[in-house]
file work_20.cif (mmCIF, C-alpha atoms)
data_start
#
loop_
_atom_site.label_atom_id
_atom_site.label_comp_id
_atom_site.auth_asym_id
_atom_site.auth_seq_id
_atom_site.Cartn_x
_atom_site.Cartn_y
_atom_site.Cartn_z
CA MET A 1 60.17 8.29 66.15
CA THR A 2 58.81 7.44 62.70
CA ALA A 3 60.25 4.45 60.90
CA ILE A 4 61.54 5.30 57.41
CA GLU A 5 62.08 2.87 54.56
CA GLU A 6 63.59 3.24 51.11
CA ILE A 7 61.39 2.32 48.17
CA ASN A 8 62.13 1.94 44.47
CA LEU A 9 59.18 2.31 42.16
CA THR A 10 58.11 3.53 38.76
CA VAL A 11 55.58 6.35 38.70
CA ASN A 12 54.13 7.38 35.35
CA GLY A 13 57.00 5.69 33.57
CA GLU A 14 59.78 7.26 35.65
CA ARG A 15 61.83 5.03 37.93
CA SER A 16 62.87 6.59 41.23
CA THR A 17 63.99 5.93 44.78
CA HIS A 18 62.49 7.61 47.85
CA ARG A 19 62.69 7.41 51.61
CA VAL A 20 59.19 7.34 53.09
CA PRO A 21 57.59 6.85 56.49
CA VAL A 22 56.37 3.25 56.65
CA ARG A 23 52.85 4.37 57.57
CA MET A 24 52.42 6.88 54.72
CA ASN A 25 49.67 5.85 52.33
CA LEU A 26 50.26 5.83 48.61
CA VAL A 27 47.99 8.75 47.72
CA ASP A 28 49.69 11.01 50.29
CA PHE A 29 53.08 9.98 48.90
CA LEU A 30 51.98 10.78 45.35
CA ARG A 31 50.45 14.13 46.31
CA ASN A 32 52.84 15.39 48.98
CA GLU A 33 56.18 13.89 47.99
CA LEU A 34 55.89 13.78 44.20
CA GLY A 35 53.50 16.69 43.64
CA LEU A 36 51.08 14.54 41.64
CA THR A 37 47.87 16.09 42.93
CA GLY A 38 45.44 14.64 40.37
CA SER A 39 44.45 11.79 42.69
CA HIS A 40 42.30 13.17 45.47
CA VAL A 41 41.91 12.28 49.12
CA GLY A 42 38.26 11.88 50.04
CA CYS A 43 37.03 9.46 52.65
CA GLU A 44 40.39 7.87 53.55
CA HIS A 45 38.53 4.56 53.99
CA GLY A 46 38.61 3.23 50.41
CA VAL A 47 34.92 3.89 49.90
CA CYS A 48 34.71 6.99 47.67
CA GLY A 49 37.25 6.09 44.96
CA ALA A 50 38.68 9.62 44.66
CA CYS A 51 42.18 8.25 45.30
CA THR A 52 42.02 5.51 42.64
CA VAL A 53 45.32 4.90 40.82
CA GLU A 54 46.76 2.03 38.81
CA VAL A 55 49.32 -0.25 40.39
CA ASN A 56 50.81 -2.78 37.97
CA GLY A 57 47.85 -2.20 35.67
CA ALA A 58 45.07 -2.72 38.21
CA CYS A 59 43.04 -0.04 39.96
CA VAL A 60 43.67 0.31 43.69
CA ARG A 61 42.60 2.74 46.36
CA GLY A 62 45.62 4.91 47.09
CA CYS A 63 44.37 5.64 50.60
CA LEU A 64 44.35 1.93 51.51
CA MET A 65 47.77 1.06 50.12
CA LEU A 66 50.94 2.10 51.89
CA ALA A 67 53.69 3.71 49.83
CA VAL A 68 56.11 0.99 51.03
CA GLN A 69 53.81 -1.62 49.48
CA ALA A 70 54.50 -0.03 46.07
CA ASP A 71 58.20 -0.90 46.34
CA GLY A 72 59.25 -2.47 43.03
CA LEU A 73 55.88 -1.76 41.41
CA GLU A 74 54.61 0.49 38.64
CA VAL A 75 52.15 3.21 39.63
CA THR A 76 50.17 5.23 37.11
CA THR A 77 48.23 8.29 38.20
CA ILE A 78 45.74 10.36 36.23
CA GLU A 79 48.68 12.51 35.14
CA GLY A 80 50.29 9.43 33.60
CA LEU A 81 47.06 8.23 32.01
CA THR A 82 46.62 11.66 30.45
CA ALA A 83 50.22 12.09 29.28
CA SER A 84 50.23 8.65 27.65
CA GLY A 85 46.98 9.37 25.81
CA ARG A 86 45.39 6.20 27.21
CA ALA A 87 42.51 8.15 28.75
CA GLY A 88 42.05 10.54 25.81
CA ALA A 89 38.87 9.06 24.37
CA LEU A 90 37.26 8.85 27.80
CA GLN A 91 38.30 12.39 28.72
CA ALA A 92 36.79 13.70 25.49
CA ALA A 93 33.56 11.78 26.08
CA PHE A 94 33.39 13.00 29.70
CA HIS A 95 33.75 16.56 28.39
CA ARG A 96 31.10 16.11 25.66
CA ARG A 97 28.65 14.56 28.13
CA ASN A 98 29.35 17.10 30.91
CA SER A 99 30.46 14.26 33.16
CA LEU A 100 33.04 16.42 34.92
CA GLN A 101 31.11 19.02 36.89
CA CYS A 102 33.08 19.74 40.11
CA GLY A 103 35.90 17.40 39.04
CA PHE A 104 36.73 15.96 42.46
CA CYS A 105 35.79 12.37 41.55
CA THR A 106 36.91 12.64 37.92
CA PRO A 107 40.50 11.30 38.18
CA GLY A 108 39.41 8.19 40.09
CA MET A 109 36.33 7.77 37.91
CA LEU A 110 38.44 7.98 34.74
CA ALA A 111 40.93 5.42 36.09
CA SER A 112 38.11 3.01 36.93
CA ALA A 113 36.37 3.61 33.60
CA LEU A 114 39.62 3.06 31.70
CA GLU A 115 40.19 -0.20 33.53
CA TYR A 116 36.71 -1.33 32.47
CA CYS A 117 37.29 -0.32 28.84
CA GLU A 118 40.76 -1.82 28.56
CA ARG A 119 39.65 -5.12 30.07
CA GLY A 120 37.07 -5.53 27.35
CA GLY A 121 34.03 -4.29 29.25
CA ALA A 122 30.81 -4.43 27.25
CA ALA A 123 28.70 -1.49 26.14
CA ASP A 124 26.20 -2.50 28.80
CA ARG A 125 24.90 0.27 31.05
CA ALA A 126 24.21 -2.07 33.98
CA ALA A 127 27.71 -3.57 33.82
CA ILE A 128 29.26 -0.11 33.56
CA ARG A 129 27.29 1.05 36.60
CA GLU A 130 28.40 -2.00 38.54
CA HIS A 131 32.05 -1.43 37.66
CA ILE A 132 32.08 2.23 38.70
CA ALA A 133 29.92 1.65 41.80
CA GLY A 134 32.99 2.07 44.01
CA ASN A 135 33.52 5.63 42.81
CA TYR A 136 31.24 8.24 44.33
CA CYS A 137 30.09 11.29 42.41
CA ARG A 138 27.88 13.77 44.19
CA CYS A 139 27.32 16.10 41.22
CA THR A 140 26.30 14.19 38.12
CA GLY A 141 23.87 11.51 39.20
CA TYR A 142 26.10 9.11 37.22
CA GLN A 143 23.97 9.08 34.07
CA SER A 144 26.34 11.32 32.11
CA ILE A 145 29.33 9.28 33.30
CA VAL A 146 27.71 6.02 32.23
CA ASP A 147 26.76 7.63 28.90
CA ALA A 148 30.37 8.73 28.32
CA ILE A 149 31.81 5.27 29.07
CA TYR A 150 29.12 3.61 26.95
CA GLU A 151 29.88 6.00 24.07
CA VAL A 152 33.58 5.11 24.07
CA ILE A 153 32.99 1.36 24.19
CA ALA A 154 30.25 1.50 21.53
CA ALA A 155 32.55 3.48 19.23
CA GLU A 156 35.33 0.89 19.70
CA GLU A 157 32.91 -1.98 19.05
CA ALA A 158 31.71 -0.28 15.86
CA GLN A 159 35.22 -0.23 14.40
#
call {"tool": "encode", "arguments": {"input": "work_20.cif", "output": "structure tokens"}}
result
Amino acid sequence: MTAIEEINLTVNGERSTHRVPVRMNLVDFLRNELGLTGSHVGCEHGVCGACTVEVNGACVRGCLMLAVQADGLEVTTIEGLTASGRAGALQAAFHRRNSLQCGFCTPGMLASALEYCERGGAADRAAIREHIAGNYCRCTGYQSIVDAIYEVIAAEEAQ
């Protein structure tokens, strides 16, 4: 018998209550219970970063956090980052630089990149690479991703 617990949380600005199995991870809850499929399930060990979401403004691995741990917290997925416009400049730069390719890593990569930008990260390619090192991308070789993040930060610094 699976233990079930009630959780109250805010996802992409909408407050809701759900009954979830206590062992369900956050990314599976978001994808399977809420239909928010932008965050992907990759390694299920917290290594690849495909499941990266924001919890109370900080990036976390959705495969390593249980849904019950999000009780009372605010979760923002790529759908929420897109709808709010927060990721707009990065999304445009990713598109211009062809940083998307297959797209599997893109939601987690964008969340991590946005965290770096919003926390005042410098237009420093080495620092950008270090920050996104926890997000794997098998298609781009990272250069176009680093270029896109650098472009956004440099444009903000120029203003």
call {"tool": "resolve_selection", "arguments": {"input": "work_20.cif", "expression": "the PyMOL selection byres ((chain A and resi 48) around 7)", "output": "ChimeraX atom specification"}}
result
/A:42-43,46-47,49-50,134-136
call {"tool": "closest_residue", "arguments": {"input": "work_20.cif", "among": "A:Gln143, A:Thr76, A:Ser112, A:Thr82", "to": "Asn98 (chain A)", "atoms": "all atoms listed in the file"}}
result
A:Gln143
call {"tool": "residues_around", "arguments": {"input": "work_20.cif", "residues": "Met109 (chain A)", "least_positions_apart": "2", "cutoff": "12 Å", "atoms": "only C-alpha atoms", "output": "ChimeraX atom specification"}}
result
/A:38-40,48-54,59-61,77-78,87,90-91,94,99-100,103-107,111-116,128-129,131-137,140,142,145-146,148-149
call {"tool": "atom_distance", "arguments": {"input": "work_20.cif", "atom1": "CA of Leu26 (chain A)", "atom2": "CA of Ala70 (chain A)"}}
result
7.7 Å
call {"tool": "axis_aligned_box", "arguments": {"input": "work_20.cif", "around": "region 7-14 of chain A", "padding_each_side": "5 Å", "output": "AutoDock Vina command-line options"}}
result
--center_x 58.1 --center_y 4.7 --center_z 40.9 --size_x 18.0 --size_y 15.4 --size_z 24.6
call {"tool": "atom_distance", "arguments": {"input": "work_20.cif", "atom1": "CA of Met65 (chain A)", "atom2": "CA of Glu79 (chain A)"}}
result
18.9 Å
call {"tool": "residues_around", "arguments": {"input": "work_20.cif", "residues": "Gly80 (chain A)", "least_positions_apart": "6", "cutoff": "9 Å", "atoms": "all atoms listed in the file", "output": "VMD selection string"}}
result
chain A and resid 11 to 13 86
call {"tool": "resolve_selection", "arguments": {"input": "work_20.cif", "expression": "the PyMOL selection byres ((chain A and resi 10) around 10)", "output": "PyMOL selection string"}}
result
chain A and resi 8-9+11-17+55-56+70-76
call {"tool": "resolve_selection", "arguments": {"input": "work_20.cif", "expression": "the PyMOL selection byres ((chain A and resi 156) around 12)", "output": "PyMOL selection string"}}
result
chain A and resi 89-90+117-118+120-123+149-155+157-159
call {"tool": "write_last_selection", "arguments": {"input": "work_20.cif", "atoms": "C-alpha atoms", "output": "PDB file, in the frame of the given file"}}
result
ATOM      1  CA  ALA A  89      38.870   9.060  24.370  1.00  0.00           C
ATOM      2  CA  LEU A  90      37.260   8.850  27.800  1.00  0.00           C
ATOM      3  CA  CYS A 117      37.290  -0.320  28.840  1.00  0.00           C
ATOM      4  CA  GLU A 118      40.760  -1.820  28.560  1.00  0.00           C
ATOM      5  CA  GLY A 120      37.070  -5.530  27.350  1.00  0.00           C
ATOM      6  CA  GLY A 121      34.030  -4.290  29.250  1.00  0.00           C
ATOM      7  CA  ALA A 122      30.810  -4.430  27.250  1.00  0.00           C
ATOM      8  CA  ALA A 123      28.700  -1.490  26.140  1.00  0.00           C
ATOM      9  CA  ILE A 149      31.810   5.270  29.070  1.00  0.00           C
ATOM     10  CA  TYR A 150      29.120   3.610  26.950  1.00  0.00           C
ATOM     11  CA  GLU A 151      29.880   6.000  24.070  1.00  0.00           C
ATOM     12  CA  VAL A 152      33.580   5.110  24.070  1.00  0.00           C
ATOM     13  CA  ILE A 153      32.990   1.360  24.190  1.00  0.00           C
ATOM     14  CA  ALA A 154      30.250   1.500  21.530  1.00  0.00           C
ATOM     15  CA  ALA A 155      32.550   3.480  19.230  1.00  0.00           C
ATOM     16  CA  GLU A 157      32.910  -1.980  19.050  1.00  0.00           C
ATOM     17  CA  ALA A 158      31.710  -0.280  15.860  1.00  0.00           C
ATOM     18  CA  GLN A 159      35.220  -0.230  14.400  1.00  0.00           C
TER      19      GLN A 159
END
call {"tool": "closest_residue", "arguments": {"input": "work_20.cif", "among": "A:Val41, A:Ala58, A:Leu36, A:Ala67", "to": "Glu6 (chain A)", "atoms": "only C-alpha atoms"}}
result
A:Ala67
call {"tool": "atom_distance", "arguments": {"input": "work_20.cif", "atom1": "CA of Gln69 (chain A)", "atom2": "CA of Pro21 (chain A)"}}
result
11.6 Å
call {"tool": "residues_around", "arguments": {"input": "work_20.cif", "residues": "Cys63 (chain A)", "least_positions_apart": "3", "cutoff": "6 Å", "atoms": "only C-alpha atoms", "output": "CSV table (one decimal) with C-alpha atoms, keeping the file's coordinate frame"}}
result
chain,number,residue,atom,x,y,z
A,25,ASN,CA,49.7,5.8,52.3
A,27,VAL,CA,48.0,8.8,47.7
A,44,GLU,CA,40.4,7.9,53.6
call {"tool": "residues_around", "arguments": {"input": "work_20.cif", "residues": "Thr2 (chain A)", "least_positions_apart": "2", "cutoff": "12 Å", "atoms": "all atoms listed in the file", "output": "list in words"}}
result
Ile4, Glu5, Arg19, Val20, Pro21, Val22, Arg23 and Met24 of chain A
call {"tool": "closest_residue", "arguments": {"input": "work_20.cif", "among": "A:Leu30, A:Leu110, A:Cys139, A:Ala92", "to": "Leu66 (chain A)", "atoms": "only C-alpha atoms"}}
result
A:Leu30
call {"tool": "closest_residue", "arguments": {"input": "work_20.cif", "among": "A:Gly141, A:His45, A:His18, A:Glu33", "to": "Gln101 (chain A)", "atoms": "all atoms listed in the file"}}
result
A:Gly141
call {"tool": "closest_residue", "arguments": {"input": "work_20.cif", "among": "A:Gly35, A:Arg97, A:Asp28, A:Ala127", "to": "Asp147 (chain A)", "atoms": "all atoms listed in the file"}}
result
A:Arg97
